[in-house]
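This report concerns only the one structure given below.
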Amino acid sequence: MNLKKVTLAAAMAVVMGTGPALADLVFPSLSYRTGPYAPNGIPFADGYADYLTLINERDGGVGGVQIDNPECETGYNTEKGVECYESTKGLGSLIYQPLSTGITYQLIPKATADGIPVHSMGYGRTSAANGKVFEWVFNYPATYWDGASIAINHIMEQEGGDISGKKIALVYHNSAYGKEPIRTLEELATKHGYTFTAIPVDHPGQEQKSQWLQIRRDRPDYVLMWGWGVMNSVAVQEAANIRYPMDRFIGIWWSGSENDVLPAGDGADGYKALALANPGGDYPIYEDLKKYVYDTGKAAGDGSNPGTVLYNRGMYAALLAVEAAKKAQEIHNTKELTPAQMRDGMEALEITADLMAELGLPDFGPEFSVSCANHGGSGLGKVQQWDASAKEWKVVTDWISADREIIDPLIAADAEAFAKENNITPRDCN
Amino acid sequence: MLYREAGDFKTSYRADEQTFPIASERVLFWGAMILAFCVVPFFVNSYWEKAVLVPLLVWALIALGLNILTGYCGQVSLGTGGFMACGAFACYKLMTAFPDLNIFFVVILSGGVTALVGVLFGLPSLRIKGFYLAVATLAAQFFLIWLFNKFDWFYNYSPSGQITAPPRTILGVEVTGPNAPPWATYLFCLSILFIYAWVARNLTRGRVGRAWMAIRDMDIAAEIIGVDPLKTKLSAFAISSFYVGTGGALFFAVYLGAAEVTEAFGIDKSFLALFMVIIGGLGSVLGSFLGAAFLVLMPVFLKNMFVNTMGWPTDVAAHIQIMLIGGLIILFLIVEPHGLAQLWRLTKEKLRLWPFPY
């Protein structure tokens, strides 16, 4: 046993000793290209990597400093996520974007202790929007609770402002991620007078017959969905099978990619999902991407994803990180950033329509600004609808805002509970 | 070579019956212990702690627990993940309900709670055997996970169902929470494992262990010679669950720091523990360690080799790694069906006779 251990340890020491030691801006990517959630993880990781490659190739990096994007495979698994975090944090990592609510929950205490910012864009722990308690965690431009409220507001609009007595069901991934909106939807139910039922689907969600049987029996007026991975496409297929009216079936922004609706074919026509940013590849930035990234053979993955919803979202995540890094360089008047300076940049981030147009993505995402107290952004979302004949997502509304009256007290209460459990004194934001 | 047995005489039964009868092996063991307790803590960094050493120690503890039940008492269990979850949630509830209780006792008590649950789910073993029992324990796995996911009392009504370990100290040093120094968490897990392994080794050599093995080898014969199946089987379930529960508590509180029941304690954990026990060697304390080491260290080692040293794409590396580990498992089981522990035993025999093995 001992001999074997010693040899193994020696071999590992050799392997571990060889890491890149460059003075770059390190944006590690804890991606998942394997496992049950890979179909969603791949486009996001490709978008993230391609945008960073574009910045390196076209602009020579951020302020002249190249971006390094080491990837680490998590397989959506928290233990591997921890391993990835520990193995990349020593590289001088400036920002973590794990694209997994489970891993985000793991990283919140760790990254806070290590002083490295985490950006869980539209996922993770909603109450991290409270910057007084969660100094190192950001979830702009919108949170799950915003999403729940946006969906309800959209339904109100459809119903002419009154939804009392209506039945709304939530089909959710039975995990931390799927449970997030329940409390908000319950609060909103008391305010607006609709009946709310929550229907869990267990990981990975390939089997949903009983859930949809229940929906068929109860005939809720609207069905919301918090799904991820294979669960989405199965749910859309099942909804089509029971002939549920698709325009009354609304998914969160993680249940609205091409992968989710294509398998159901024409049955998915009219399915709605929220959008954090616009879908499609019709933006000036794609010309640059083609010129500097795709045509030079530097594209990540197999190059089949550009223009898809999740690719765009990965790109958007990278864009926000790069803009925060620019801001940080400006504030601290330095080229080389530390994680703490990066955090300051994220907290001072301001995204305007002009800036987005300048970056080649006009009218793509919402306008928002981050502050010391508010790490959650503006909390705006759009609704997109699937057109099965054209095989594309169409945006059907303008930006819808969330019900701040309901959500802000919920965030404050949850953040306070977290602060109390972990002996954190909320910092002072002037 | 390693062993020089000339002049190593036993003059008492006690000396002959000790765990390490060969003097040079005792030296090796204590040398390794000194290395693990007194040298490693000075060099351990957070990567080694979180990615290698702490998972290794925790999984060794869990494998040891399962080995008591499956290897020594012959009761196949697929409920390990559920029992780990039970330990983890007991630990979380105790930590939050009694903030002043020392974490050492919290971890031990979590094991105790799990032992009670284990006895409950061990009851069917009195009537059903083999594969049928495996299915019954599978029910434990699914029931416990469902329970901890369904009732929000278990996770203190947090909206997401996630449990997070608050910081706790031993002698003023934090061992849980994000600020715990790597050496402290490592030493904490190591000490618990050392005590538990010591107890397990002696339990299995004594009356209790012999009763377990009698039941394993042939339960009717054991009953005829006066071994009480009720007491024996239930004690195996209790002690095994106690170990697994403690392991689950450490897994949550020290290793991960936050956990979500469906993700962290799923059925794959039950299989992983069972693989560790089978690959390491059924009915062997050393086997539990070897099995855990193989299945915890190998993926990390391969990942580092493929991605960091050879620069492969992460997805290719992940797929190759799964294939390689599967292949290695099959290879080891063909070469030595009794596991790595038997491989070591044979090597030792050869080494003792070296340079004239026969």
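Residues are named by chain letter and number: chains run A, B, ... in the order of the structure tokens, numbers start at 1 in each chain, and ligands are numbered from 1 in the order shown.
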Taking a cut-off of 12 Å and counting only C-alpha atoms, can you build a table that, for each residue of region 117-202 of chain B near region 115-139 of chain A, reports the nearest atom pair and how far apart they are in Å (one decimal), sorted by chain then residue number, as a tab-separated table?
residue	atom	partner	partner_atom	distance
B:Ser158	CA	A:Arg125	CA	11.1
B:Pro159	CA	A:Arg125	CA	9.8
B:Ser160	CA	A:Arg125	CA	8.3
B:Gly161	CA	A:Arg125	CA	11.3
B:Gln162	CA	A:Arg125	CA	10.1
B:Pro178	CA	A:Gly115	CA	11.2
B:Asn179	CA	A:Gly115	CA	11.2
Exercise. Would you list which chain B residues are within 8 Å of chain A using only C-alpha atoms, as an MDAnalysis selection string?
Worked result: chainID B and resid 32 46:47 50:51 159:162 166:167 177:179 256:260 262:264 290 301 304:305 308:309 314:315 318:319 344
For this session: Would you mind listing what lies within 10 Å of region 286-288 of chain B as a ChimeraX atom specification, with only C-alpha atoms counted and same-chain residues fewer than 6 positions away left out?
Result: /A:1 /B:59-68,71,197,201,273,276-280,294,338-344
Selection export as a CSV table (one decimal), in the first residue's frame, atoms kept: C-alpha atoms:
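Written file, result.csv:
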chain,number,residue,atom,x,y,z
A,1,MET,CA,0.0,0.0,0.0
B,59,TRP,CA,-14.1,7.6,1.0
B,60,ALA,CA,-11.8,5.2,2.8
B,61,LEU,CA,-14.0,5.6,5.9
B,62,ILE,CA,-17.2,5.0,3.8
B,63,ALA,CA,-15.7,2.0,2.1
B,64,LEU,CA,-14.6,0.6,5.4
B,65,GLY,CA,-18.1,0.9,6.7
B,66,LEU,CA,-19.6,-0.9,3.6
B,67,ASN,CA,-16.9,-3.5,3.9
B,68,ILE,CA,-18.0,-4.4,7.4
B,71,GLY,CA,-17.3,-7.9,3.0
B,197,ALA,CA,-10.0,1.8,11.3
B,201,ARG,CA,-9.7,-4.1,12.6
B,273,ALA,CA,-18.7,2.7,-2.6
B,276,MET,CA,-14.4,0.5,-4.0
B,277,VAL,CA,-15.1,-2.5,-1.7
B,278,ILE,CA,-15.1,-5.0,-4.5
B,279,ILE,CA,-12.0,-3.7,-6.2
B,280,GLY,CA,-10.2,-3.2,-2.9
B,294,PHE,CA,-7.9,3.6,-6.6
B,338,HIS,CA,-10.3,-11.0,-4.7
B,339,GLY,CA,-9.2,-7.4,-5.1
B,340,LEU,CA,-6.2,-5.3,-4.6
B,341,ALA,CA,-5.8,-6.5,-1.0
B,342,GLN,CA,-5.3,-10.0,-2.3
B,343,LEU,CA,-2.8,-8.7,-4.8
B,344,TRP,CA,-0.9,-7.1,-2.0
Exercise. What are the DSSP alpha helix (DSSP H) residues of region 29-262 of chain B, as a PyMOL selection string?
Worked result: chain B and resi 29-34+40-43+46-47+54-66+80-97+103-122+130-150+182-205+207-217+219-224+229-250+261-262
For this session: For Leu187 (chain B), work out the shell of residues within 8 Å, counting only C-alpha atoms and skipping chain neighbours fewer than 3 positions away, then give it as a PyMOL selection string.
Result: chain B and resi 37+41+183-184+190-191
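Taking only C-alpha atoms, the non-local environment of Met218 (chain B) within 10 Å (same-chain residues fewer than 5 positions away omitted) comprises Gly74, Met213 and Glu223 of chain B.
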Seminar exercise, completed: Using only C-alpha atoms, the shortest atom-to-atom distance to Ala97 (chain B) among B:Leu297, B:Phe154, B:Thr80, B:Tyr186 belongs to B:Phe154
For this session: Determine which residues of region 161-269 of chain B DSSP labels as strand (DSSP E) from the backbone of this structure, then write them out as a ChimeraX atom specification.
Result: /B:162-164,169-170,173-174,258-260
Exercise. Restricting the calculation to only C-alpha atoms, which member of A:Phe249, A:Tyr51, A:Trp145, A:Tyr140 is positioned closest to Val171 (chain A)?
Worked result: A:Phe249
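Of note, CA of Thr197 (chain A) and CA of Ala169 (chain A) are spaced 4.7 Å apart.
The neighbours of Phe143 (chain B) here are the residues that come within 12 Å of it, using only C-alpha atoms and leaving out any residue fewer than 6 positions away in the same chain; they are Gly79, Gly81, Gly82, Phe83, Ala85, Cys86, Val117, Phe121, Ala136, Thr137, Asn149, Lys150, Val261, Thr262, Gly266 and Ile267 of chain B.
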Same residues, N, CA and C atoms, saved as a CSV table (one decimal), in the first residue's frame:
chain,number,residue,atom,x,y,z
B,79,GLY,N,-27.5,0.9,-0.4
B,79,GLY,CA,-28.1,2.1,0.3
B,79,GLY,C,-27.1,3.0,0.8
B,81,GLY,N,-25.4,5.5,-0.4
B,81,GLY,CA,-25.6,7.0,-0.6
B,81,GLY,C,-26.7,7.5,0.3
B,82,GLY,N,-27.7,6.8,0.6
B,82,GLY,CA,-28.8,7.2,1.5
B,82,GLY,C,-28.3,7.3,2.9
B,83,PHE,N,-27.4,6.4,3.3
B,83,PHE,CA,-26.9,6.5,4.7
B,83,PHE,C,-25.9,7.6,4.8
B,85,ALA,N,-26.2,10.4,3.2
B,85,ALA,CA,-27.1,11.6,3.3
B,85,ALA,C,-27.6,11.7,4.7
B,86,CYS,N,-28.0,10.6,5.3
B,86,CYS,CA,-28.5,10.6,6.6
B,86,CYS,C,-27.5,11.2,7.6
B,117,VAL,N,-30.9,4.4,11.9
B,117,VAL,CA,-31.6,4.3,10.6
B,117,VAL,C,-31.2,3.0,9.9
B,121,PHE,N,-33.4,-0.3,8.4
B,121,PHE,CA,-33.4,-0.8,7.1
B,121,PHE,C,-32.7,-2.1,7.0
B,136,ALA,N,-33.9,-4.4,-1.5
B,136,ALA,CA,-34.5,-3.8,-0.3
B,136,ALA,C,-33.6,-2.5,0.1
B,137,THR,N,-32.3,-2.7,0.1
B,137,THR,CA,-31.4,-1.6,0.5
B,137,THR,C,-31.5,-0.4,-0.5
B,149,ASN,N,-35.3,15.5,0.6
B,149,ASN,CA,-35.6,16.5,-0.4
B,149,ASN,C,-37.0,17.0,-0.2
B,150,LYS,N,-37.8,16.2,0.4
B,150,LYS,CA,-39.3,16.5,0.4
B,150,LYS,C,-39.6,17.4,1.6
B,261,VAL,N,-29.0,17.2,-1.7
B,261,VAL,CA,-29.2,15.8,-1.4
B,261,VAL,C,-29.2,15.0,-2.7
B,262,THR,N,-30.0,15.4,-3.7
B,262,THR,CA,-30.1,14.6,-4.9
B,262,THR,C,-28.8,14.5,-5.7
B,266,GLY,N,-26.6,10.7,-4.5
B,266,GLY,CA,-27.4,9.9,-5.4
B,266,GLY,C,-26.9,8.4,-5.4
B,267,ILE,N,-27.6,7.7,-6.3
B,267,ILE,CA,-27.4,6.2,-6.4
B,267,ILE,C,-26.0,6.0,-6.8
For this session: Have a look at CA of Gln206 (chain A) and CA of Gly41 (chain A) and let me know their distance in Å, one decimal.
Result: 17.6 Å
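Near region 158-166 of chain A, within 12 Å and counting only C-alpha atoms, sit Ala151, Ile152, Asn153, His154, Ile155, Met156, Ile168, Ala169, Leu188, Ala189, Thr190, Lys191, His192, Gly193, Tyr194, Thr195, Phe196, Thr197, Asp218, Arg219, Pro220, Asp221, Tyr222, Val223, Asp247, Arg248, Val383, Val396 and Thr397 of chain A, not including residues fewer than 2 positions from it in the same chain.
Counting only C-alpha atoms, the residue from B:Lys93, B:Arg26, B:Arg352, B:Lys10 that sits nearest to Val107 (chain B) is B:Lys93.
Interatomic distance, CA of Leu170 (chain A) against CA of Glu238 (chain A): 14.6 Å.
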What are the closest atom pairs, with distances in Å to one decimal, for each residue of region 15-113 of chain A lying within 10 Å of region 256-275 of chain A, using only C-alpha atoms, rows by chain and rising residue number, as CSV?
residue,atom,partner,partner_atom,distance
A:Pro39,CA,A:Asn259,CA,7.3
A:Asn40,CA,A:Asn259,CA,7.7
A:Pro43,CA,A:Ser257,CA,10.0
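With distances restricted to only C-alpha atoms, A:Val322 is the closest residue to Asp68 (chain A) from A:Gly303, A:Glu186, A:Val322, A:Gly280.
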